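Student: One file is attached below, final-v1.txt, containing compact mmCIF, C-alpha atoms.
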# COMPACT_ATOMS: atom_id res chain seq x y z
CA MET O 431 -7.70 16.90 28.89
CA SER O 432 -5.83 17.58 25.58
CA LYS O 433 -6.71 15.59 22.52
CA VAL O 434 -4.60 12.48 21.88
CA ASP O 435 -3.43 11.41 18.43
CA GLY O 436 -4.69 7.83 18.30
CA ARG O 437 -2.30 7.02 15.46
CA LYS O 438 0.58 7.22 17.92
CA ILE O 439 -0.98 4.72 20.33
CA SER O 440 -0.55 0.99 19.85
CA HIS O 441 -3.53 -1.21 18.92
CA ALA O 442 -3.36 -2.99 22.27
CA VAL O 443 -3.55 0.28 24.23
CA ARG O 444 -6.44 1.60 22.13
CA GLU O 445 -8.34 -1.64 22.66
CA SER O 446 -7.77 -1.37 26.40
CA ILE O 447 -9.05 2.23 26.41
CA ARG O 448 -12.25 1.25 24.61
CA MET O 449 -12.87 -1.61 27.02
CA GLU O 450 -12.28 0.59 30.05
CA ALA O 451 -14.45 3.41 28.69
CA MET O 452 -17.40 1.09 28.06
CA GLN O 453 -17.03 -0.37 31.53
CA GLN O 454 -17.34 3.13 32.96
CA TRP O 455 -20.28 3.88 30.65
CA GLN O 456 -22.01 0.81 32.03
CA ASP O 457 -21.39 2.21 35.52
CA GLY O 458 -23.12 5.45 34.58
CA ALA O 459 -20.39 7.70 33.15
CA SER O 460 -21.63 10.07 30.45
CA ALA O 461 -20.24 10.32 26.94
CA SER O 462 -19.07 13.89 27.62
CA HIS O 463 -17.18 12.79 30.73
CA LEU O 464 -15.53 9.89 28.90
CA ALA O 465 -14.56 12.09 25.95
CA GLU O 466 -12.90 14.54 28.35
CA GLN O 467 -11.22 11.78 30.34
CA TYR O 468 -9.70 9.99 27.35
CA GLY O 469 -9.06 13.05 25.18
CA VAL O 470 -11.23 11.99 22.25
CA ASN O 471 -14.23 13.49 20.46
CA LYS O 472 -17.64 12.73 21.88
CA SER O 473 -18.66 11.25 18.52
CA CYS O 474 -15.91 8.66 19.02
CA ILE O 475 -17.42 7.66 22.36
CA TYR O 476 -20.81 7.22 20.70
CA GLU O 477 -19.21 4.95 18.06
CA TRP O 478 -17.77 2.81 20.86
CA ILE O 479 -21.18 2.68 22.53
CA ASN O 480 -22.93 1.61 19.30
CA SER O 481 -20.30 -1.07 18.70
CA TYR O 482 -20.68 -2.32 22.25
CA LYS O 483 -24.49 -2.47 21.93
CA GLN O 484 -24.22 -4.51 18.73
CA GLY O 485 -21.48 -6.95 19.66
CA GLY O 486 -20.49 -6.47 23.27
CA PHE O 487 -16.85 -6.24 24.31
CA ASP O 488 -15.80 -8.45 21.37
CA ALA O 489 -16.88 -5.66 19.02
CA LEU O 490 -14.39 -3.33 20.73
CA LYS O 491 -11.40 -5.53 20.02
CA THR O 492 -8.85 -4.39 17.47
CA CYS O 493 -9.20 -5.98 14.06
CA GLU O 494 -5.97 -6.89 12.34
CA MET O 495 -5.24 -4.80 9.28
CA PRO O 496 -5.03 -7.03 6.20
CA GLY O 497 -2.15 -5.13 4.60
CA ARG O 498 -1.04 -5.41 1.02
CA PRO O 499 -1.10 -9.00 -0.31
CA PRO O 500 2.32 -10.45 -1.23
CA LYS O 501 3.32 -10.44 -4.88
CA LEU O 502 4.39 -14.10 -4.81
CA THR O 503 2.81 -17.07 -3.08
CA ASP O 504 4.86 -19.41 -0.90
CA SER O 505 5.05 -21.98 -3.70
CA GLN O 506 6.22 -19.32 -6.15
CA LYS O 507 8.90 -18.20 -3.69
CA SER O 508 10.09 -21.80 -3.41
CA GLU O 509 10.24 -22.03 -7.20
CA LEU O 510 12.18 -18.75 -7.34
CA ALA O 511 14.65 -20.06 -4.75
CA GLU O 512 15.28 -23.14 -6.89
CA ILE O 513 16.00 -20.91 -9.88
CA LEU O 514 18.45 -18.72 -7.93
CA LEU O 515 20.26 -21.69 -6.39
CA HIS O 516 20.56 -23.98 -9.40
CA GLN O 517 20.49 -21.81 -12.53
CA PRO O 518 22.60 -18.82 -13.64
CA PRO O 519 21.06 -15.68 -15.19
CA THR O 520 22.67 -16.66 -18.50
CA ALA O 521 20.18 -19.54 -18.71
CA TYR O 522 17.48 -16.88 -19.16
CA GLY O 523 19.33 -14.86 -21.79
CA PHE O 524 21.12 -12.37 -19.53
CA TYR O 525 24.77 -11.58 -20.24
CA LYS O 526 25.75 -11.53 -16.55
CA ALA O 527 26.45 -14.72 -14.62
CA LEU O 528 25.68 -13.10 -11.23
CA TRP O 529 22.22 -12.54 -9.80
CA THR O 530 21.24 -8.93 -9.05
CA ARG O 531 17.99 -7.46 -7.77
CA ASP O 532 17.20 -6.04 -11.21
CA ILE O 533 17.71 -9.40 -12.90
CA VAL O 534 15.63 -11.19 -10.24
CA ALA O 535 12.86 -8.62 -10.77
CA ALA O 536 12.96 -9.36 -14.51
CA ILE O 537 12.80 -13.11 -13.82
CA ILE O 538 9.81 -12.61 -11.51
CA LYS O 539 8.03 -10.68 -14.26
CA ARG O 540 8.87 -13.28 -16.91
CA VAL O 541 8.16 -16.44 -14.90
CA PHE O 542 5.37 -15.34 -12.54
CA ASP O 543 3.98 -12.29 -14.40
CA ALA O 544 4.39 -10.13 -11.27
CA SER O 545 5.97 -6.68 -11.21
CA MET O 546 8.29 -5.81 -8.32
CA TYR O 547 10.70 -2.95 -7.73
CA PRO O 548 14.35 -3.96 -7.09
CA ALA O 549 14.16 -2.61 -3.52
CA SER O 550 11.12 -4.80 -2.82
CA VAL O 551 12.92 -7.75 -4.37
CA GLY O 552 15.85 -7.18 -1.99
CA ARG O 553 13.57 -7.16 1.08
CA MET O 554 11.80 -10.32 -0.07
CA LEU O 555 15.09 -12.12 -0.74
CA ARG O 556 16.37 -11.26 2.75
CA LYS O 557 13.21 -12.76 4.26
CA MET O 558 13.80 -15.85 2.08
CA GLY O 559 17.29 -16.23 3.56
CA PHE O 560 19.34 -14.86 0.64
CA SER O 561 22.18 -12.35 1.03
CA PRO O 562 24.80 -10.87 -1.33
CA GLN O 563 27.91 -13.08 -1.30
CA ARG O 564 31.20 -13.26 -3.17
CA PRO O 565 30.98 -16.44 -5.29
CA THR O 566 33.68 -18.97 -5.95
CA ARG O 567 34.61 -19.54 -9.58
CA LYS O 568 34.35 -22.82 -11.42
CA ALA O 569 34.95 -23.38 -15.12
CA TRP O 570 31.92 -24.89 -16.81
CA GLN O 571 34.23 -27.24 -18.69
CA GLN O 572 35.42 -28.74 -15.39
CA SER O 573 32.41 -30.99 -14.82
CA LYS O 574 32.67 -32.35 -18.37
CA LYS O 575 36.40 -33.06 -18.00
CA VAL O 576 35.92 -34.74 -14.62
CA HIS O 577 33.14 -36.93 -16.00
CA GLU O 578 35.33 -37.88 -18.97
CA TRP O 579 38.28 -38.72 -16.68
CA LEU O 580 36.25 -40.85 -14.27
CA ASN O 581 34.27 -42.75 -16.87
CA GLU O 582 36.68 -43.05 -19.81
CA THR O 583 40.31 -42.05 -19.26
CA TYR O 584 41.00 -43.58 -15.85
CA PRO O 585 39.25 -46.94 -16.50
CA ALA O 586 41.38 -47.32 -19.65
CA LEU O 587 44.57 -46.55 -17.72
CA ARG O 588 43.61 -48.97 -14.97
CA THR O 589 43.05 -51.74 -17.50
CA GLN O 590 46.42 -51.02 -19.09
CA ALA O 591 48.15 -51.06 -15.69
CA GLU O 592 46.61 -54.42 -14.81
CA GLU O 593 47.82 -55.88 -18.12
CA HIS O 594 51.41 -54.80 -17.33
CA ASN O 595 51.21 -55.54 -13.58
CA ALA O 596 51.95 -51.85 -12.96
CA LEU O 597 50.88 -49.17 -10.50
CA ILE O 598 49.24 -45.86 -11.36
CA TYR O 599 50.80 -42.84 -9.64
CA PHE O 600 49.37 -39.33 -9.36
CA ALA O 601 52.20 -36.78 -9.49
CA ASP O 602 52.55 -33.07 -8.84
CA GLU O 603 55.35 -30.58 -8.31
CA ALA O 604 55.64 -27.68 -5.87
CA SER O 605 57.99 -24.91 -4.81
CA VAL O 606 58.72 -23.66 -1.29
CA ARG O 607 60.39 -20.35 -0.36
CA SER O 608 62.05 -19.49 2.92
CA ASP O 609 60.34 -16.07 3.12
CA TYR O 610 56.79 -17.21 2.38
CA HIS O 611 54.12 -17.03 5.10
CA SER O 612 50.83 -18.78 4.49
CA GLY O 613 47.53 -17.70 6.01
CA THR O 614 46.52 -14.54 7.88
CA THR O 615 47.52 -12.76 11.07
CA LEU O 616 45.91 -10.17 13.32
CA GLY O 617 46.41 -6.42 13.10
CA ARG O 618 44.58 -3.15 13.66
CA LYS O 619 42.09 -2.18 11.01
CA GLY O 620 43.76 -0.07 8.34
CA CYS O 621 47.31 -0.97 9.45
CA THR O 622 49.03 -3.81 7.64
CA PRO O 623 51.03 -5.90 10.17
CA LEU O 624 54.71 -6.68 9.58
CA VAL O 625 56.08 -10.22 9.72
CA GLU O 626 59.79 -10.88 10.08
CA ALA O 627 61.43 -12.76 7.21
CA THR O 628 64.98 -13.70 6.36
CA GLY O 629 66.95 -11.55 3.96
CA ALA O 630 68.83 -14.60 2.70
CA ARG O 631 65.99 -15.94 0.63
CA PHE O 632 66.19 -19.38 -0.88
CA GLY O 633 63.79 -21.86 -2.39
CA ILE O 634 63.52 -25.47 -3.30
CA ASN O 635 61.46 -27.32 -5.88
CA MET O 636 59.94 -30.72 -5.25
CA ILE O 637 58.09 -33.41 -7.12
CA SER O 638 56.15 -36.27 -5.56
CA ALA O 639 53.76 -39.01 -6.61
CA ILE O 640 51.33 -41.24 -4.73
CA SER O 641 49.56 -44.41 -5.84
CA GLY O 642 46.03 -45.49 -5.14
CA GLU O 643 47.47 -47.99 -2.61
CA GLY O 644 49.18 -45.17 -0.70
CA THR O 645 52.75 -45.72 -1.91
CA MET O 646 54.57 -42.38 -2.11
CA ARG O 647 57.74 -41.27 -3.90
CA TYR O 648 59.31 -37.80 -3.90
CA MET O 649 62.40 -35.93 -5.07
CA THR O 650 63.84 -32.47 -4.39
CA ILE O 651 65.18 -30.37 -7.25
CA THR O 652 67.92 -27.75 -7.01
CA GLY O 653 67.26 -26.15 -10.40
CA ARG O 654 64.18 -25.52 -12.48
CA PHE O 655 61.54 -28.16 -13.07
CA ASN O 656 61.36 -29.28 -16.71
CA ALA O 657 60.68 -32.35 -18.85
CA ASP O 658 64.15 -33.82 -18.24
CA VAL O 659 63.58 -33.66 -14.46
CA LEU O 660 60.16 -35.30 -14.86
CA PHE O 661 61.59 -38.20 -16.85
CA ALA O 662 64.48 -38.58 -14.37
CA PHE O 663 61.96 -38.76 -11.54
Rewrite the structure of this file - the entire thing - as structure tokens.
Tutor:
Amino acid sequence: MSKVDGRKISHAVRESIRMEAMQQWQDGASASHLAEQYGVNKSCIYEWINSYKQGGFDALKTCEMPGRPPKLTDSQKSELAEILLHQPPTAYGFYKALWTRDIVAAIIKRVFDASMYPASVGRMLRKMGFSPQRPTRKAWQQSKKVHEWLNETYPALRTQAEEHNALIYFADEASVRSDYHSGTTLGRKGCTPLVEATGARFGINMISAISGEGTMRYMTITGRFNADVLFAF
């Protein structure tokens, strides 16, 4: 029988071969016969026999390979996830506001004193449930302005309205065109679909306001929206 490359055989199959070979050796099969039958060196058969004599069939079982230990512990990975989810790279002195594998590798070195290649960082992040995504944008000033409006500006306006027995309205203006289509449609990849539209285009401007109690007022505008129109409304 030709020699077999054991590296190409799974651990479970190799364990089964060792068990079966020792069973036959117990029944009287010689080491030479077993080596020929299973396509291995006779010295390998003797190693199996010695292992069997020392520990029985349990000694023939496949031992799990320890492998390379992970760079980060589970608690460190959790800490890293908190950093990626709640802090931008700029908080650590980087000029970019988007996380990249290189920046994450630098953070891992700085925070956990562990060196990792960017490719290894990418594999670890995928296992942690992270993936590259296109972010939405939000001005950092927005949170400050919202907090100021909710806690200072609006309470003052509400007090003033109560003093004058008045209502507070929230107003906005908009424009609608006859040839505008909102949303998406289906088409073949690489071919932009055509949507019929009127050649006689026209538009209309509108302004509306709604109170906290749900009262609504609106007005359409034939011309451009300006300060005079706002005051007239």
Student: Set the distance at 12 Å and use all atoms listed in the file: which residues neighbour range 529-545 of chain O once local chain neighbours fewer than 2 positions away are removed? I'd like the list as a PyMOL selection string.
Tutor: chain O and resi 500-503+505-507+509-511+513-527+547-556+560-565
Student: Emit the selected residues as a PDB file, keeping the file's coordinate frame, including C-alpha atoms.
Tutor:
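Listed below is the output, selection-v9.pdb:
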ATOM      1  CA  PRO O 500       2.320 -10.450  -1.230  1.00  0.00           C
ATOM      2  CA  LYS O 501       3.320 -10.440  -4.880  1.00  0.00           C
ATOM      3  CA  LEU O 502       4.390 -14.100  -4.810  1.00  0.00           C
ATOM      4  CA  THR O 503       2.810 -17.070  -3.080  1.00  0.00           C
ATOM      5  CA  SER O 505       5.050 -21.980  -3.700  1.00  0.00           C
ATOM      6  CA  GLN O 506       6.220 -19.320  -6.150  1.00  0.00           C
ATOM      7  CA  LYS O 507       8.900 -18.200  -3.690  1.00  0.00           C
ATOM      8  CA  GLU O 509      10.240 -22.030  -7.200  1.00  0.00           C
ATOM      9  CA  LEU O 510      12.180 -18.750  -7.340  1.00  0.00           C
ATOM     10  CA  ALA O 511      14.650 -20.060  -4.750  1.00  0.00           C
ATOM     11  CA  ILE O 513      16.000 -20.910  -9.880  1.00  0.00           C
ATOM     12  CA  LEU O 514      18.450 -18.720  -7.930  1.00  0.00           C
ATOM     13  CA  LEU O 515      20.260 -21.690  -6.390  1.00  0.00           C
ATOM     14  CA  HIS O 516      20.560 -23.980  -9.400  1.00  0.00           C
ATOM     15  CA  GLN O 517      20.490 -21.810 -12.530  1.00  0.00           C
ATOM     16  CA  PRO O 518      22.600 -18.820 -13.640  1.00  0.00           C
ATOM     17  CA  PRO O 519      21.060 -15.680 -15.190  1.00  0.00           C
ATOM     18  CA  THR O 520      22.670 -16.660 -18.500  1.00  0.00           C
ATOM     19  CA  ALA O 521      20.180 -19.540 -18.710  1.00  0.00           C
ATOM     20  CA  TYR O 522      17.480 -16.880 -19.160  1.00  0.00           C
ATOM     21  CA  GLY O 523      19.330 -14.860 -21.790  1.00  0.00           C
ATOM     22  CA  PHE O 524      21.120 -12.370 -19.530  1.00  0.00           C
ATOM     23  CA  TYR O 525      24.770 -11.580 -20.240  1.00  0.00           C
ATOM     24  CA  LYS O 526      25.750 -11.530 -16.550  1.00  0.00           C
ATOM     25  CA  ALA O 527      26.450 -14.720 -14.620  1.00  0.00           C
ATOM     26  CA  TYR O 547      10.700  -2.950  -7.730  1.00  0.00           C
ATOM     27  CA  PRO O 548      14.350  -3.960  -7.090  1.00  0.00           C
ATOM     28  CA  ALA O 549      14.160  -2.610  -3.520  1.00  0.00           C
ATOM     29  CA  SER O 550      11.120  -4.800  -2.820  1.00  0.00           C
ATOM     30  CA  VAL O 551      12.920  -7.750  -4.370  1.00  0.00           C
ATOM     31  CA  GLY O 552      15.850  -7.180  -1.990  1.00  0.00           C
ATOM     32  CA  ARG O 553      13.570  -7.160   1.080  1.00  0.00           C
ATOM     33  CA  MET O 554      11.800 -10.320  -0.070  1.00  0.00           C
ATOM     34  CA  LEU O 555      15.090 -12.120  -0.740  1.00  0.00           C
ATOM     35  CA  ARG O 556      16.370 -11.260   2.750  1.00  0.00           C
ATOM     36  CA  PHE O 560      19.340 -14.860   0.640  1.00  0.00           C
ATOM     37  CA  SER O 561      22.180 -12.350   1.030  1.00  0.00           C
ATOM     38  CA  PRO O 562      24.800 -10.870  -1.330  1.00  0.00           C
ATOM     39  CA  GLN O 563      27.910 -13.080  -1.300  1.00  0.00           C
ATOM     40  CA  ARG O 564      31.200 -13.260  -3.170  1.00  0.00           C
ATOM     41  CA  PRO O 565      30.980 -16.440  -5.290  1.00  0.00           C
TER      42      PRO O 565
END
Student: Between CA of Thr589 in chain O and CA of Arg647 in chain O, what distance in Å does the model show, to one decimal?
Tutor: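 Here the two named atoms are 22.6 Å from each other.
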Student: To one decimal place in Å, what is the distance between CA of Asp602 in chain O and CA of Arg631 in chain O?
Tutor: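 Answer for the CA of Asp602 in chain O to CA of Arg631 in chain O separation: 23.7 Å.
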Student: Can you measure CA of His594 in chain O to CA of Met636 in chain O for me? One decimal in Å is fine.
Tutor: 28.3 Å
Student: Which protein, DNA or RNA residues have an atom at most 9 Å from (-10.4, -3.3, 24.7), counting only C-alpha atoms? List them as a count of residues only.
Tutor: 17
Student: Need to verify the contact set: Gly644 in chain O, 12 Å, only C-alpha atoms, exclusion of same-chain residues closer than 4 positions in sequence. Can you return it as an NGL selection string?
Tutor: :O and (597-600 or 639-640)
Student: How about saving the chosen residues, C-alpha atoms kept, as a short mmCIF file (atom, residue, chain, number, x, y, z; two decimals), keeping the file's coordinate frame?
Tutor:
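Listing of selection.cif after writing:
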data_model
loop_
_atom_site.label_atom_id
_atom_site.label_comp_id
_atom_site.auth_asym_id
_atom_site.auth_seq_id
_atom_site.Cartn_x
_atom_site.Cartn_y
_atom_site.Cartn_z
CA LEU O 597 50.88 -49.17 -10.50
CA ILE O 598 49.24 -45.86 -11.36
CA TYR O 599 50.80 -42.84 -9.64
CA PHE O 600 49.37 -39.33 -9.36
CA ALA O 639 53.76 -39.01 -6.61
CA ILE O 640 51.33 -41.24 -4.73
#
Student: Using only C-alpha atoms, determine which residues lie at most 12 Å from range 462-466 of chain O, disregarding the query and same-chain residues fewer than 5 positions distant; provide the list as an mmCIF file with C-alpha atoms, in the coordinates of the input.
Tutor:
data_model
loop_
_atom_site.group_PDB
_atom_site.id
_atom_site.type_symbol
_atom_site.label_atom_id
_atom_site.label_comp_id
_atom_site.auth_asym_id
_atom_site.auth_seq_id
_atom_site.Cartn_x
_atom_site.Cartn_y
_atom_site.Cartn_z
ATOM 1 C CA MET O 431 -7.700 16.900 28.890
ATOM 2 C CA SER O 432 -5.830 17.580 25.580
ATOM 3 C CA LYS O 433 -6.710 15.590 22.520
ATOM 4 C CA VAL O 434 -4.600 12.480 21.880
ATOM 5 C CA ILE O 447 -9.050 2.230 26.410
ATOM 6 C CA ARG O 448 -12.250 1.250 24.610
ATOM 7 C CA MET O 449 -12.870 -1.610 27.020
ATOM 8 C CA GLU O 450 -12.280 0.590 30.050
ATOM 9 C CA ALA O 451 -14.450 3.410 28.690
ATOM 10 C CA MET O 452 -17.400 1.090 28.060
ATOM 11 C CA GLN O 453 -17.030 -0.370 31.530
ATOM 12 C CA GLN O 454 -17.340 3.130 32.960
ATOM 13 C CA TRP O 455 -20.280 3.880 30.650
ATOM 14 C CA GLN O 456 -22.010 0.810 32.030
ATOM 15 C CA ASP O 457 -21.390 2.210 35.520
ATOM 16 C CA ASN O 471 -14.230 13.490 20.460
ATOM 17 C CA LYS O 472 -17.640 12.730 21.880
ATOM 18 C CA SER O 473 -18.660 11.250 18.520
ATOM 19 C CA CYS O 474 -15.910 8.660 19.020
ATOM 20 C CA ILE O 475 -17.420 7.660 22.360
ATOM 21 C CA TYR O 476 -20.810 7.220 20.700
ATOM 22 C CA GLU O 477 -19.210 4.950 18.060
ATOM 23 C CA TRP O 478 -17.770 2.810 20.860
ATOM 24 C CA ILE O 479 -21.180 2.680 22.530
#
Student: Range 486-512 of chain O from the block above, N, CA and C atoms, as a compact mmCIF listing (two decimals), in the first residue's frame, please?
Tutor:
# COMPACT_ATOMS: atom_id res chain seq x y z
N GLY O 486 -3.74 3.24 27.25
CA GLY O 486 -4.91 2.62 26.66
C GLY O 486 -5.43 3.40 25.45
N PHE O 487 -6.69 3.16 25.11
CA PHE O 487 -7.26 3.83 23.94
C PHE O 487 -7.36 5.35 24.13
N ASP O 488 -7.48 5.82 25.37
CA ASP O 488 -7.54 7.26 25.60
C ASP O 488 -6.27 7.95 25.13
N ALA O 489 -5.12 7.25 25.21
CA ALA O 489 -3.85 7.83 24.79
C ALA O 489 -3.77 7.97 23.27
N LEU O 490 -4.67 7.29 22.56
CA LEU O 490 -4.66 7.35 21.09
C LEU O 490 -5.57 8.46 20.55
N LYS O 491 -6.31 9.09 21.45
CA LYS O 491 -7.22 10.15 20.99
C LYS O 491 -6.44 11.39 20.58
N THR O 492 -7.02 12.12 19.66
CA THR O 492 -6.38 13.33 19.15
C THR O 492 -6.44 14.44 20.18
N CYS O 493 -5.31 15.05 20.45
CA CYS O 493 -5.25 16.19 21.35
C CYS O 493 -5.46 17.47 20.56
N GLU O 494 -6.30 18.34 21.07
CA GLU O 494 -6.54 19.60 20.39
C GLU O 494 -5.29 20.47 20.41
N MET O 495 -5.00 21.05 19.23
CA MET O 495 -3.85 21.93 19.12
C MET O 495 -4.18 23.26 19.78
N PRO O 496 -3.30 23.76 20.64
CA PRO O 496 -3.62 25.00 21.36
C PRO O 496 -3.74 26.21 20.46
N GLY O 497 -2.94 26.30 19.41
CA GLY O 497 -3.00 27.45 18.52
C GLY O 497 -2.39 28.69 19.17
N ARG O 498 -2.31 29.73 18.39
CA ARG O 498 -1.72 30.97 18.89
C ARG O 498 -2.72 31.69 19.80
N PRO O 499 -2.28 32.13 20.97
CA PRO O 499 -3.21 32.83 21.89
C PRO O 499 -3.65 34.15 21.28
N PRO O 500 -4.89 34.57 21.56
CA PRO O 500 -5.38 35.84 21.01
C PRO O 500 -4.62 37.02 21.60
N LYS O 501 -4.52 38.08 20.80
CA LYS O 501 -3.82 39.28 21.24
C LYS O 501 -4.57 40.00 22.35
N LEU O 502 -5.92 40.00 22.27
CA LEU O 502 -6.74 40.70 23.25
C LEU O 502 -7.64 39.72 23.98
N THR O 503 -7.85 39.95 25.25
CA THR O 503 -8.78 39.14 26.03
C THR O 503 -10.21 39.58 25.71
N ASP O 504 -11.18 38.81 26.18
CA ASP O 504 -12.58 39.16 25.94
C ASP O 504 -12.93 40.51 26.55
N SER O 505 -12.41 40.78 27.75
CA SER O 505 -12.71 42.07 28.38
C SER O 505 -12.08 43.22 27.60
N GLN O 506 -10.88 43.00 27.06
CA GLN O 506 -10.24 44.03 26.26
C GLN O 506 -11.00 44.27 24.95
N LYS O 507 -11.53 43.21 24.37
CA LYS O 507 -12.34 43.36 23.15
C LYS O 507 -13.61 44.16 23.45
N SER O 508 -14.21 43.91 24.60
CA SER O 508 -15.39 44.68 24.98
C SER O 508 -15.05 46.15 25.17
N GLU O 509 -13.90 46.41 25.78
CA GLU O 509 -13.46 47.80 25.96
C GLU O 509 -13.19 48.46 24.62
N LEU O 510 -12.58 47.71 23.69
CA LEU O 510 -12.32 48.24 22.35
C LEU O 510 -13.63 48.55 21.63
N ALA O 511 -14.63 47.69 21.77
CA ALA O 511 -15.92 47.93 21.14
C ALA O 511 -16.56 49.21 21.66
N GLU O 512 -16.43 49.46 22.96
CA GLU O 512 -16.98 50.69 23.53
C GLU O 512 -16.28 51.91 22.94
